Amino acid sequence: MTPTIVAECEAIAVAAYVSRGLDPERPLPPGILCEKLFGTRPKRMAGLSREGRMGIVRGEVWIYVRAGTNAARERFVLGHEMAHGLLGEHHSDANIALERRCDLLGSCLLVPRPAFELAFRRWGYAVYDLAHALSITQASAMLRLGEVTGRSVRLLGPRERFRGEPFDWPDVRKCLRGGCRSIAHPIKLVDERKWGMIAS
């Protein structure tokens with residue numbers, strides 16, 4: 001994500017809170033936020049082909065999440081689908097840029113920049129503490145850390161994600177063995193069984 005896209009998503013999220021009389025330093029649970037943004041509560045629905053879906057029903061935005069989705073994943077899905085609702089753009093398998101933008105905007109809605117900055121002043125780069133304080137996954141906390149502070153972060157996995165300033169990342173295997181602490185710190189994200197890295 002470019003800094004411009006990150007800044008745009010941050011601004012959209014804060015504006016969504018402020019325009020509805022909400023405090024962006026106090027993020028709301030996703031179900032309540034959905035109701036404040038669109039006037040409707042999200043619905044759990046069995047048999048959805050995807051984890052979530054945004055639809056327009058009688059002129060209202062409705063968010064659906066597949067029944068049985070675990071709580072942490074459901075939170076992410078709701079943020080993503082609310083982003084689709086705010087942008088007025090439906091899901092598109094062909095438009096990867098839109099889907100990634102909705103991932104980012106969804107994260108900004110769940111934890112607006114002012115709320116993250118407040119938590120960061122207390123917890124600093126302690127990813128586990130940030131995640132706990134903000135009721136998000138450790139991976140989400142790490143990505144928001146890069147988005148808000150500009151510190152380079154890397155989430156390892158099948159679909160690697162990078163946030164923050166551009167960075168020349170060292171060899172992952174070497175870092176995971178502890179051989180590059182002066183350059184980057186590996187972080188085990190225990191709630192999702194993933195690894196991340198933060199530039200030193």
# chains A, B, ... in the order shown; residues from 1 in each chain; ligands from 1
call {"tool": "residues_around", "arguments": {"residues": "Ala119 in chain A", "least_positions_apart": "3", "cutoff": "8 Å", "atoms": "only C-alpha atoms", "output": "JSON, numbers by chain"}}
result
{"A": [115, 116, 122, 123, 124, 130, 133, 134]}
call {"tool": "select_by_dssp", "arguments": {"residues": "chain A", "states": "strand (DSSP E)", "output": "ChimeraX atom specification"}}
result
/A:43-45,52-57,60-66,153-155,161-163,184-189,194-199
call {"tool": "write_last_selection", "arguments": {"atoms": "N, CA and C atoms", "output": "tab-separated table (two decimals), in the first residue's frame"}}
result
chain	number	residue	atom	x	y	z
A	43	LYS	N	-25.63	-9.40	9.92
A	43	LYS	CA	-26.40	-10.65	10.05
A	43	LYS	C	-25.48	-11.83	9.80
A	44	ARG	N	-25.61	-12.87	10.64
A	44	ARG	CA	-24.93	-14.14	10.38
A	44	ARG	C	-25.82	-14.96	9.46
A	45	MET	N	-25.19	-15.58	8.49
A	45	MET	CA	-25.98	-16.32	7.51
A	45	MET	C	-25.25	-17.61	7.14
A	52	GLY	N	-17.89	-13.13	4.00
A	52	GLY	CA	-18.74	-11.97	4.21
A	52	GLY	C	-19.24	-11.41	2.90
A	53	ARG	N	-20.25	-10.58	3.02
A	53	ARG	CA	-20.82	-9.96	1.83
A	53	ARG	C	-21.52	-8.66	2.24
A	54	MET	N	-21.40	-7.66	1.38
A	54	MET	CA	-22.13	-6.41	1.55
A	54	MET	C	-23.17	-6.35	0.46
A	55	GLY	N	-24.39	-6.01	0.83
A	55	GLY	CA	-25.45	-5.88	-0.16
A	55	GLY	C	-26.32	-4.67	0.13
A	56	ILE	N	-27.04	-4.24	-0.87
A	56	ILE	CA	-27.98	-3.14	-0.73
A	56	ILE	C	-29.39	-3.74	-0.74
A	57	VAL	N	-30.12	-3.55	0.36
A	57	VAL	CA	-31.48	-4.07	0.49
A	57	VAL	C	-32.41	-2.89	0.75
A	60	GLU	N	-30.71	0.24	1.73
A	60	GLU	CA	-29.85	0.21	2.93
A	60	GLU	C	-28.69	-0.75	2.72
A	61	VAL	N	-27.55	-0.40	3.32
A	61	VAL	CA	-26.39	-1.30	3.30
A	61	VAL	C	-26.60	-2.38	4.35
A	62	TRP	N	-26.48	-3.63	3.94
A	62	TRP	CA	-26.55	-4.76	4.86
A	62	TRP	C	-25.24	-5.53	4.74
A	63	ILE	N	-24.73	-5.93	5.89
A	63	ILE	CA	-23.50	-6.71	5.96
A	63	ILE	C	-23.86	-8.11	6.45
A	64	TYR	N	-23.37	-9.11	5.74
A	64	TYR	CA	-23.61	-10.50	6.11
A	64	TYR	C	-22.26	-11.17	6.37
A	65	VAL	N	-22.23	-12.03	7.39
A	65	VAL	CA	-21.02	-12.80	7.68
A	65	VAL	C	-21.43	-14.27	7.78
A	66	ARG	N	-20.61	-15.14	7.25
A	66	ARG	CA	-20.93	-16.56	7.26
A	66	ARG	C	-21.01	-17.09	8.69
A	153	VAL	N	7.23	-3.03	8.72
A	153	VAL	CA	6.83	-4.33	9.26
A	153	VAL	C	6.54	-5.28	8.10
A	154	ARG	N	6.68	-6.55	8.39
A	154	ARG	CA	6.46	-7.59	7.38
A	154	ARG	C	5.73	-8.74	8.05
A	155	LEU	N	4.59	-9.11	7.50
A	155	LEU	CA	3.83	-10.24	7.99
A	155	LEU	C	4.13	-11.41	7.07
A	161	ARG	N	2.59	-9.52	3.68
A	161	ARG	CA	2.13	-8.14	3.66
A	161	ARG	C	3.19	-7.26	4.28
A	162	PHE	N	3.38	-6.10	3.70
A	162	PHE	CA	4.37	-5.13	4.14
A	162	PHE	C	3.66	-3.82	4.45
A	163	ARG	N	4.09	-3.15	5.51
A	163	ARG	CA	3.56	-1.83	5.84
A	163	ARG	C	4.72	-0.96	6.30
A	184	ALA	N	16.45	-6.43	11.99
A	184	ALA	CA	15.01	-6.68	12.10
A	184	ALA	C	14.75	-7.69	13.21
A	185	HIS	N	13.61	-7.52	13.87
A	185	HIS	CA	13.22	-8.41	14.97
A	185	HIS	C	12.09	-9.33	14.53
A	186	PRO	N	12.29	-10.66	14.64
A	186	PRO	CA	11.17	-11.56	14.36
A	186	PRO	C	10.22	-11.57	15.56
A	187	ILE	N	8.93	-11.68	15.28
A	187	ILE	CA	7.92	-11.73	16.33
A	187	ILE	C	7.00	-12.90	16.04
A	188	LYS	N	6.87	-13.79	17.01
A	188	LYS	CA	5.94	-14.91	16.86
A	188	LYS	C	4.55	-14.41	17.25
A	189	LEU	N	3.63	-14.50	16.31
A	189	LEU	CA	2.26	-14.06	16.55
A	189	LEU	C	1.46	-15.28	16.97
A	194	LYS	N	1.53	-17.34	13.23
A	194	LYS	CA	2.29	-16.73	12.14
A	194	LYS	C	3.52	-16.07	12.73
A	195	TRP	N	4.37	-15.62	11.84
A	195	TRP	CA	5.53	-14.82	12.22
A	195	TRP	C	5.46	-13.48	11.53
A	196	GLY	N	5.99	-12.49	12.20
A	196	GLY	CA	6.12	-11.17	11.62
A	196	GLY	C	7.52	-10.65	11.90
A	197	MET	N	7.86	-9.56	11.26
A	197	MET	CA	9.16	-8.93	11.49
A	197	MET	C	8.97	-7.42	11.55
A	198	ILE	N	9.74	-6.80	12.44
A	198	ILE	CA	9.74	-5.34	12.55
A	198	ILE	C	11.17	-4.86	12.35
A	199	ALA	N	11.33	-3.88	11.49
A	199	ALA	CA	12.67	-3.32	11.25
A	199	ALA	C	13.18	-2.67	12.53
call {"tool": "residues_around", "arguments": {"residues": "Gly150 in chain A", "least_positions_apart": "2", "cutoff": "6 Å", "atoms": "only C-alpha atoms", "output": "list in words"}}
result
Gly146, Glu147, Val148, Gly164 and Glu165 of chain A
call {"tool": "closest_residue", "arguments": {"among": "A:Pro112, A:Gly178, A:Pro170, A:Gly31", "to": "Tyr17 in chain A", "atoms": "only C-alpha atoms"}}
result
A:Pro112
call {"tool": "select_by_dssp", "arguments": {"residues": "range 86-167 of chain A", "states": "helix (DSSP H, G or I)", "output": "ChimeraX atom specification"}}
result
/A:86-87,96-110,113-123,127-134,138-149
call {"tool": "closest_atom_pairs", "arguments": {"of": "range 52-111 of chain A", "to": "range 141-145 of chain A", "cutoff": "10 Å", "atoms": "only C-alpha atoms", "output": "Markdown table"}}
result
| residue | atom | partner | partner_atom | distance |
| --- | --- | --- | --- | --- |
| A:Leu104 | CA | A:Arg144 | CA | 9.0 |
| A:Ser107 | CA | A:Arg144 | CA | 7.5 |
| A:Cys108 | CA | A:Arg144 | CA | 8.0 |
| A:Val111 | CA | A:Arg144 | CA | 8.2 |
call {"tool": "write_last_selection", "arguments": {"atoms": "C-alpha atoms", "output": "short mmCIF file (atom, residue, chain, number, x, y, z; two decimals), in the first residue's frame"}}
result
data_model
loop_
_atom_site.label_atom_id
_atom_site.label_comp_id
_atom_site.auth_asym_id
_atom_site.auth_seq_id
_atom_site.Cartn_x
_atom_site.Cartn_y
_atom_site.Cartn_z
CA LEU A 104 -6.88 -1.55 4.80
CA SER A 107 -8.57 -2.09 9.66
CA CYS A 108 -8.73 1.70 9.88
CA VAL A 111 -8.95 0.86 14.98
#
call {"tool": "closest_atom_pairs", "arguments": {"of": "range 98-157 of chain A", "to": "range 69-86 of chain A", "cutoff": "8 Å", "atoms": "only C-alpha atoms", "output": "Markdown table"}}
result
| residue | atom | partner | partner_atom | distance |
| --- | --- | --- | --- | --- |
| A:Cys102 | CA | A:Ala83 | CA | 5.2 |
| A:Asp103 | CA | A:His80 | CA | 5.2 |
| A:Leu104 | CA | A:His80 | CA | 7.8 |
| A:Leu105 | CA | A:Ala83 | CA | 5.7 |
| A:Gly106 | CA | A:Gly79 | CA | 3.9 |
| A:Ser107 | CA | A:Gly79 | CA | 6.3 |
| A:Leu109 | CA | A:Gly79 | CA | 6.4 |
| A:Leu110 | CA | A:Gly79 | CA | 6.2 |
| A:Ile136 | CA | A:Ala72 | CA | 7.1 |
| A:Thr137 | CA | A:Ala72 | CA | 6.7 |
call {"tool": "residues_around", "arguments": {"residues": "Arg20 in chain A", "least_positions_apart": "4", "cutoff": "8 Å", "atoms": "only C-alpha atoms", "output": "PyMOL selection string"}}
result
chain A and resi 16+36-37
call {"tool": "closest_residue", "arguments": {"among": "A:Ile96, A:Thr149, A:Arg113, A:Pro3", "to": "Asp23 in chain A", "atoms": "only C-alpha atoms"}}
result
A:Arg113
call {"tool": "closest_residue", "arguments": {"among": "A:Arg41, A:Leu176, A:Gln138, A:Pro166", "to": "Thr2 in chain A", "atoms": "only C-alpha atoms"}}
result
A:Pro166
call {"tool": "closest_residue", "arguments": {"among": "A:Ile5, A:Leu87, A:Glu25, A:Ala94", "to": "Phe120 in chain A", "atoms": "only C-alpha atoms"}}
result
A:Glu25
call {"tool": "atom_distance", "arguments": {"atom1": "CA of Val190 in chain A", "atom2": "CA of Pro114 in chain A"}}
result
26.1 Å
call {"tool": "closest_residue", "arguments": {"among": "A:Arg121, A:Phe38, A:Arg177, A:Leu48", "to": "Gly88 in chain A", "atoms": "only C-alpha atoms"}}
result
A:Phe38
call {"tool": "atom_distance", "arguments": {"atom1": "CA of Ala46 in chain A", "atom2": "CA of Gly68 in chain A"}}
result
7.9 Å
call {"tool": "decode", "arguments": {"residues": "range 70-113 of chain A", "atoms": "N, CA and C atoms", "output": "PDB file, in the first residue's frame"}}
result
ATOM      1  N   ASN A  70     -14.895 -17.785  13.017  1.00  0.00           N
ATOM      2  CA  ASN A  70     -14.371 -17.526  14.365  1.00  0.00           C
ATOM      3  C   ASN A  70     -14.350 -16.027  14.647  1.00  0.00           C
ATOM      4  N   ALA A  71     -14.345 -15.672  15.930  1.00  0.00           N
ATOM      5  CA  ALA A  71     -14.535 -14.277  16.358  1.00  0.00           C
ATOM      6  C   ALA A  71     -13.497 -13.323  15.774  1.00  0.00           C
ATOM      7  N   ALA A  72     -12.217 -13.709  15.803  1.00  0.00           N
ATOM      8  CA  ALA A  72     -11.168 -12.820  15.292  1.00  0.00           C
ATOM      9  C   ALA A  72     -11.336 -12.605  13.791  1.00  0.00           C
ATOM     10  N   ARG A  73     -11.622 -13.664  13.082  1.00  0.00           N
ATOM     11  CA  ARG A  73     -11.802 -13.550  11.634  1.00  0.00           C
ATOM     12  C   ARG A  73     -13.078 -12.763  11.312  1.00  0.00           C
ATOM     13  N   GLU A  74     -14.133 -12.994  12.094  1.00  0.00           N
ATOM     14  CA  GLU A  74     -15.392 -12.278  11.871  1.00  0.00           C
ATOM     15  C   GLU A  74     -15.188 -10.771  12.003  1.00  0.00           C
ATOM     16  N   ARG A  75     -14.394 -10.369  12.983  1.00  0.00           N
ATOM     17  CA  ARG A  75     -14.110  -8.945  13.187  1.00  0.00           C
ATOM     18  C   ARG A  75     -13.465  -8.351  11.929  1.00  0.00           C
ATOM     19  N   PHE A  76     -12.469  -9.062  11.397  1.00  0.00           N
ATOM     20  CA  PHE A  76     -11.798  -8.603  10.178  1.00  0.00           C
ATOM     21  C   PHE A  76     -12.779  -8.537   9.010  1.00  0.00           C
ATOM     22  N   VAL A  77     -13.579  -9.584   8.844  1.00  0.00           N
ATOM     23  CA  VAL A  77     -14.543  -9.647   7.735  1.00  0.00           C
ATOM     24  C   VAL A  77     -15.536  -8.488   7.827  1.00  0.00           C
ATOM     25  N   LEU A  78     -16.022  -8.206   9.033  1.00  0.00           N
ATOM     26  CA  LEU A  78     -16.968  -7.097   9.196  1.00  0.00           C
ATOM     27  C   LEU A  78     -16.323  -5.765   8.819  1.00  0.00           C
ATOM     28  N   GLY A  79     -15.081  -5.551   9.248  1.00  0.00           N
ATOM     29  CA  GLY A  79     -14.378  -4.325   8.868  1.00  0.00           C
ATOM     30  C   GLY A  79     -14.248  -4.215   7.357  1.00  0.00           C
ATOM     31  N   HIS A  80     -13.861  -5.311   6.722  1.00  0.00           N
ATOM     32  CA  HIS A  80     -13.698  -5.340   5.260  1.00  0.00           C
ATOM     33  C   HIS A  80     -15.018  -5.019   4.553  1.00  0.00           C
ATOM     34  N   GLU A  81     -16.097  -5.642   4.996  1.00  0.00           N
ATOM     35  CA  GLU A  81     -17.396  -5.427   4.337  1.00  0.00           C
ATOM     36  C   GLU A  81     -17.934  -4.022   4.613  1.00  0.00           C
ATOM     37  N   MET A  82     -17.682  -3.472   5.807  1.00  0.00           N
ATOM     38  CA  MET A  82     -18.080  -2.081   6.067  1.00  0.00           C
ATOM     39  C   MET A  82     -17.328  -1.138   5.134  1.00  0.00           C
ATOM     40  N   ALA A  83     -16.069  -1.463   4.847  1.00  0.00           N
ATOM     41  CA  ALA A  83     -15.294  -0.651   3.902  1.00  0.00           C
ATOM     42  C   ALA A  83     -15.954  -0.671   2.525  1.00  0.00           C
ATOM     43  N   HIS A  84     -16.394  -1.849   2.080  1.00  0.00           N
ATOM     44  CA  HIS A  84     -17.125  -1.921   0.808  1.00  0.00           C
ATOM     45  C   HIS A  84     -18.352  -1.012   0.852  1.00  0.00           C
ATOM     46  N   GLY A  85     -19.068  -1.030   1.983  1.00  0.00           N
ATOM     47  CA  GLY A  85     -20.257  -0.194   2.122  1.00  0.00           C
ATOM     48  C   GLY A  85     -19.941   1.287   2.042  1.00  0.00           C
ATOM     49  N   LEU A  86     -18.873   1.718   2.711  1.00  0.00           N
ATOM     50  CA  LEU A  86     -18.500   3.137   2.674  1.00  0.00           C
ATOM     51  C   LEU A  86     -18.044   3.564   1.287  1.00  0.00           C
ATOM     52  N   LEU A  87     -17.319   2.690   0.613  1.00  0.00           N
ATOM     53  CA  LEU A  87     -16.826   3.022  -0.726  1.00  0.00           C
ATOM     54  C   LEU A  87     -17.907   2.856  -1.797  1.00  0.00           C
ATOM     55  N   GLY A  88     -18.996   2.159  -1.424  1.00  0.00           N
ATOM     56  CA  GLY A  88     -20.060   1.926  -2.395  1.00  0.00           C
ATOM     57  C   GLY A  88     -19.658   0.978  -3.502  1.00  0.00           C
ATOM     58  N   GLU A  89     -18.700   0.104  -3.215  1.00  0.00           N
ATOM     59  CA  GLU A  89     -18.178  -0.836  -4.217  1.00  0.00           C
ATOM     60  C   GLU A  89     -18.405  -2.263  -3.731  1.00  0.00           C
ATOM     61  N   HIS A  90     -19.016  -3.090  -4.555  1.00  0.00           N
ATOM     62  CA  HIS A  90     -19.246  -4.491  -4.204  1.00  0.00           C
ATOM     63  C   HIS A  90     -17.967  -5.308  -4.366  1.00  0.00           C
ATOM     64  N   HIS A  91     -17.955  -6.484  -3.732  1.00  0.00           N
ATOM     65  CA  HIS A  91     -16.831  -7.419  -3.822  1.00  0.00           C
ATOM     66  C   HIS A  91     -16.528  -7.722  -5.288  1.00  0.00           C
ATOM     67  N   SER A  92     -15.234  -7.841  -5.576  1.00  0.00           N
ATOM     68  CA  SER A  92     -14.826  -8.161  -6.947  1.00  0.00           C
ATOM     69  C   SER A  92     -13.579  -9.028  -6.916  1.00  0.00           C
ATOM     70  N   ASP A  93     -13.730 -10.301  -7.304  1.00  0.00           N
ATOM     71  CA  ASP A  93     -12.560 -11.182  -7.379  1.00  0.00           C
ATOM     72  C   ASP A  93     -11.546 -10.656  -8.386  1.00  0.00           C
ATOM     73  N   ALA A  94     -12.023  -9.942  -9.397  1.00  0.00           N
ATOM     74  CA  ALA A  94     -11.138  -9.438 -10.447  1.00  0.00           C
ATOM     75  C   ALA A  94     -10.380  -8.184 -10.019  1.00  0.00           C
ATOM     76  N   ASN A  95     -10.897  -7.461  -9.037  1.00  0.00           N
ATOM     77  CA  ASN A  95     -10.290  -6.193  -8.638  1.00  0.00           C
ATOM     78  C   ASN A  95      -9.510  -6.371  -7.333  1.00  0.00           C
ATOM     79  N   ILE A  96      -8.305  -6.887  -7.440  1.00  0.00           N
ATOM     80  CA  ILE A  96      -7.476  -7.152  -6.260  1.00  0.00           C
ATOM     81  C   ILE A  96      -7.156  -5.857  -5.527  1.00  0.00           C
ATOM     82  N   ALA A  97      -6.922  -4.772  -6.264  1.00  0.00           N
ATOM     83  CA  ALA A  97      -6.610  -3.482  -5.628  1.00  0.00           C
ATOM     84  C   ALA A  97      -7.765  -3.020  -4.744  1.00  0.00           C
ATOM     85  N   LEU A  98      -9.010  -3.189  -5.203  1.00  0.00           N
ATOM     86  CA  LEU A  98     -10.173  -2.818  -4.390  1.00  0.00           C
ATOM     87  C   LEU A  98     -10.238  -3.668  -3.131  1.00  0.00           C
ATOM     88  N   GLU A  99     -10.019  -4.965  -3.266  1.00  0.00           N
ATOM     89  CA  GLU A  99     -10.099  -5.852  -2.105  1.00  0.00           C
ATOM     90  C   GLU A  99      -9.023  -5.506  -1.070  1.00  0.00           C
ATOM     91  N   ARG A 100      -7.827  -5.202  -1.521  1.00  0.00           N
ATOM     92  CA  ARG A 100      -6.761  -4.819  -0.581  1.00  0.00           C
ATOM     93  C   ARG A 100      -7.061  -3.472   0.068  1.00  0.00           C
ATOM     94  N   ARG A 101      -7.638  -2.560  -0.715  1.00  0.00           N
ATOM     95  CA  ARG A 101      -8.021  -1.260  -0.152  1.00  0.00           C
ATOM     96  C   ARG A 101      -9.094  -1.455   0.927  1.00  0.00           C
ATOM     97  N   CYS A 102     -10.036  -2.369   0.689  1.00  0.00           N
ATOM     98  CA  CYS A 102     -11.070  -2.649   1.689  1.00  0.00           C
ATOM     99  C   CYS A 102     -10.482  -3.333   2.921  1.00  0.00           C
ATOM    100  N   ASP A 103      -9.461  -4.175   2.740  1.00  0.00           N
ATOM    101  CA  ASP A 103      -8.754  -4.738   3.902  1.00  0.00           C
ATOM    102  C   ASP A 103      -8.187  -3.608   4.751  1.00  0.00           C
ATOM    103  N   LEU A 104      -7.505  -2.668   4.093  1.00  0.00           N
ATOM    104  CA  LEU A 104      -6.876  -1.553   4.799  1.00  0.00           C
ATOM    105  C   LEU A 104      -7.914  -0.641   5.439  1.00  0.00           C
ATOM    106  N   LEU A 105      -8.922  -0.223   4.684  1.00  0.00           N
ATOM    107  CA  LEU A 105      -9.949   0.654   5.243  1.00  0.00           C
ATOM    108  C   LEU A 105     -10.689  -0.039   6.375  1.00  0.00           C
ATOM    109  N   GLY A 106     -10.939  -1.331   6.236  1.00  0.00           N
ATOM    110  CA  GLY A 106     -11.580  -2.082   7.318  1.00  0.00           C
ATOM    111  C   GLY A 106     -10.768  -2.032   8.597  1.00  0.00           C
ATOM    112  N   SER A 107      -9.449  -2.188   8.481  1.00  0.00           N
ATOM    113  CA  SER A 107      -8.571  -2.092   9.657  1.00  0.00           C
ATOM    114  C   SER A 107      -8.616  -0.696  10.260  1.00  0.00           C
ATOM    115  N   CYS A 108      -8.658   0.318   9.398  1.00  0.00           N
ATOM    116  CA  CYS A 108      -8.732   1.705   9.879  1.00  0.00           C
ATOM    117  C   CYS A 108     -10.060   1.971  10.583  1.00  0.00           C
ATOM    118  N   LEU A 109     -11.139   1.341  10.127  1.00  0.00           N
ATOM    119  CA  LEU A 109     -12.435   1.499  10.788  1.00  0.00           C
ATOM    120  C   LEU A 109     -12.449   0.814  12.148  1.00  0.00           C
ATOM    121  N   LEU A 110     -11.857  -0.377  12.219  1.00  0.00           N
ATOM    122  CA  LEU A 110     -11.854  -1.118  13.482  1.00  0.00           C
ATOM    123  C   LEU A 110     -10.971  -0.451  14.523  1.00  0.00           C
ATOM    124  N   VAL A 111      -9.855   0.136  14.078  1.00  0.00           N
ATOM    125  CA  VAL A 111      -8.945   0.862  14.978  1.00  0.00           C
ATOM    126  C   VAL A 111      -8.490   2.132  14.257  1.00  0.00           C
ATOM    127  N   PRO A 112      -9.268   3.213  14.377  1.00  0.00           N
ATOM    128  CA  PRO A 112      -8.866   4.459  13.722  1.00  0.00           C
ATOM    129  C   PRO A 112      -7.506   4.943  14.228  1.00  0.00           C
ATOM    130  N   ARG A 113      -6.820   5.673  13.390  1.00  0.00           N
ATOM    131  CA  ARG A 113      -5.486   6.186  13.716  1.00  0.00           C
ATOM    132  C   ARG A 113      -5.419   6.839  15.108  1.00  0.00           C
TER     133      ARG A 113
END
